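Step one of this worksheet: look at the structure below.
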Amino acid sequence: MKSSFILIIFPLLMSCQTNSFDLVKLTFPIQISSIEKKYKLDQNSDFSGVIVYNSTDSALLQFLGFNFAGTLNKHDTAMLSTNYVSFYQNRTSNQVNAFRLEIKTTEKAEEFEKLIEKKLGKTDFYYRDSEFSYRAWNADKKLYLLETNNTGSYNDEKFKSCNLYIVANGDKLLNDYFISGGFQYYGDYLQEKDKPQHKGKKYTYKNFVDEKEKEDGKDSFYLKDYVK
């Protein structure tokens, strides 16, 4: 009886260990080789000096204990229609100092947005209109960038998606790589924050916007769609 009890418990323990991966527990630089040993990753590169490792493996789509695997097409698990994770390697330093979680299924995207809000709280950097939203947090020596998109369409069916980028603060190449598009204003803020007059002082994105309003008035483009 005792031996049969052990045999029953052992597979349960193995199951827990197998599913223990969680993106939120990763520390930078990420040891990509240890992930490659357990999970299937597709590697590609671009012209920005960045190597990207992609995966739609559901075991890698764990965040804060919740699984965000999903697809818009059960008959096609390609990245075009499937939730996935990407890991980004700085080709110069050979360090993996960023990852991206893209969720294309509406229900999971909305669940994830609420989860991030609960984990990170309110942020000074928040822009939103009827189609897109952009938020940024700096916590635990990491930059968190969250983008939501209400304009998605697949096989004439609309969907809401979201992207979370988490980047190590000290990796300039990867920070510059992600701070663009809807996050460009955050890059402008970081440049201003780095000026001598702000050194050693608390200087938030809200401070930056207030200064721009004084300089440019209510028509400042930094105020358009800004959520206070």
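Residues in the structure tokens are numbered from 1 in each chain, the chains being A, B, ... in the order shown, and ligands are numbered from 1 in the order shown.
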
### Message
Set the distance at 12 Å and use only C-alpha atoms: which residues neighbour range 196-205 of chain A once local chain neighbours fewer than 2 positions away are removed? I'd like the list as a ChimeraX atom specification.
### Response
/A:123-127,135-138,185-194,207-212,222-223,226-228

### Task
Could you please write out, as a PyMOL selection string, every residue of range 50-176 of chain A that DSSP assigns to strand (DSSP E)?
chain A and resi 50-55+62-63+66-67+84-90+95-103+125-128+132-139+142-154+157-168

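Omitting Leu80 in chain A and its sequence neighbours fewer than 3 positions away, and counting only C-alpha atoms, the residues within 10 Å are A:Thr71, A:Leu72, A:Asn73, A:Asp76, A:Thr77, A:Asn83, A:Tyr84, A:Lys104, A:Tyr154.
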
### Task
List every residue of range 66-169 of chain A that DSSP, applied to the backbone of this structure, places in helix (DSSP H, G or I), and write the result as number ranges by chain.
A: 106-120

### Task
Work out how far apart CA of Asp176 in chain A and CA of Lys122 in chain A are and give it in Å to one decimal.
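Distance between the two atoms: 23.6 Å.
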
Which residues of range 132-198 of chain A have any atom within 12 Å of an atom in range 52-70 of chain A when counting only C-alpha atoms, and what is the closest pair of atoms for each, with the distance in Å to one decimal? Order the rows by chain and rising number and write it as JSON lines.
{"residue": "A:Ser161", "atom": "CA", "partner": "A:Gly70", "partner_atom": "CA", "distance": 11.5}
{"residue": "A:Cys162", "atom": "CA", "partner": "A:Phe68", "partner_atom": "CA", "distance": 11.3}
{"residue": "A:Asn163", "atom": "CA", "partner": "A:Phe68", "partner_atom": "CA", "distance": 11.9}
{"residue": "A:Leu164", "atom": "CA", "partner": "A:Phe63", "partner_atom": "CA", "distance": 10.9}
{"residue": "A:Leu174", "atom": "CA", "partner": "A:Val52", "partner_atom": "CA", "distance": 11.5}

Residue subset to file, keeping N, CA, C and O atoms, as an mmCIF file, in the first residue's frame:
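Everything below was put into part-v3.cif:
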data_model
loop_
_atom_site.group_PDB
_atom_site.id
_atom_site.type_symbol
_atom_site.label_atom_id
_atom_site.label_comp_id
_atom_site.auth_asym_id
_atom_site.auth_seq_id
_atom_site.Cartn_x
_atom_site.Cartn_y
_atom_site.Cartn_z
ATOM 1 N N SER A 161 -5.981 42.321 -29.134
ATOM 2 C CA SER A 161 -4.709 41.691 -28.790
ATOM 3 C C SER A 161 -3.919 42.583 -27.845
ATOM 4 O O SER A 161 -4.232 43.762 -27.670
ATOM 5 N N CYS A 162 -2.892 42.004 -27.237
ATOM 6 C CA CYS A 162 -1.989 42.808 -26.414
ATOM 7 C C CYS A 162 -0.579 42.259 -26.515
ATOM 8 O O CYS A 162 -0.367 41.073 -26.796
ATOM 9 N N ASN A 163 0.360 43.142 -26.333
ATOM 10 C CA ASN A 163 1.782 42.800 -26.307
ATOM 11 C C ASN A 163 2.395 43.331 -25.023
ATOM 12 O O ASN A 163 2.208 44.507 -24.697
ATOM 13 N N LEU A 164 3.118 42.465 -24.332
ATOM 14 C CA LEU A 164 3.908 42.916 -23.193
ATOM 15 C C LEU A 164 5.374 42.706 -23.525
ATOM 16 O O LEU A 164 5.782 41.606 -23.908
ATOM 17 N N LEU A 174 18.554 47.057 -26.630
ATOM 18 C CA LEU A 174 17.206 46.486 -26.586
ATOM 19 C C LEU A 174 16.175 47.502 -26.090
ATOM 20 O O LEU A 174 15.023 47.474 -26.520
#

### Task
Mind giving me the straight-line distance from CA of Leu145 in chain A to CA of Lys119 in chain A in Å, one decimal?
13.3 Å
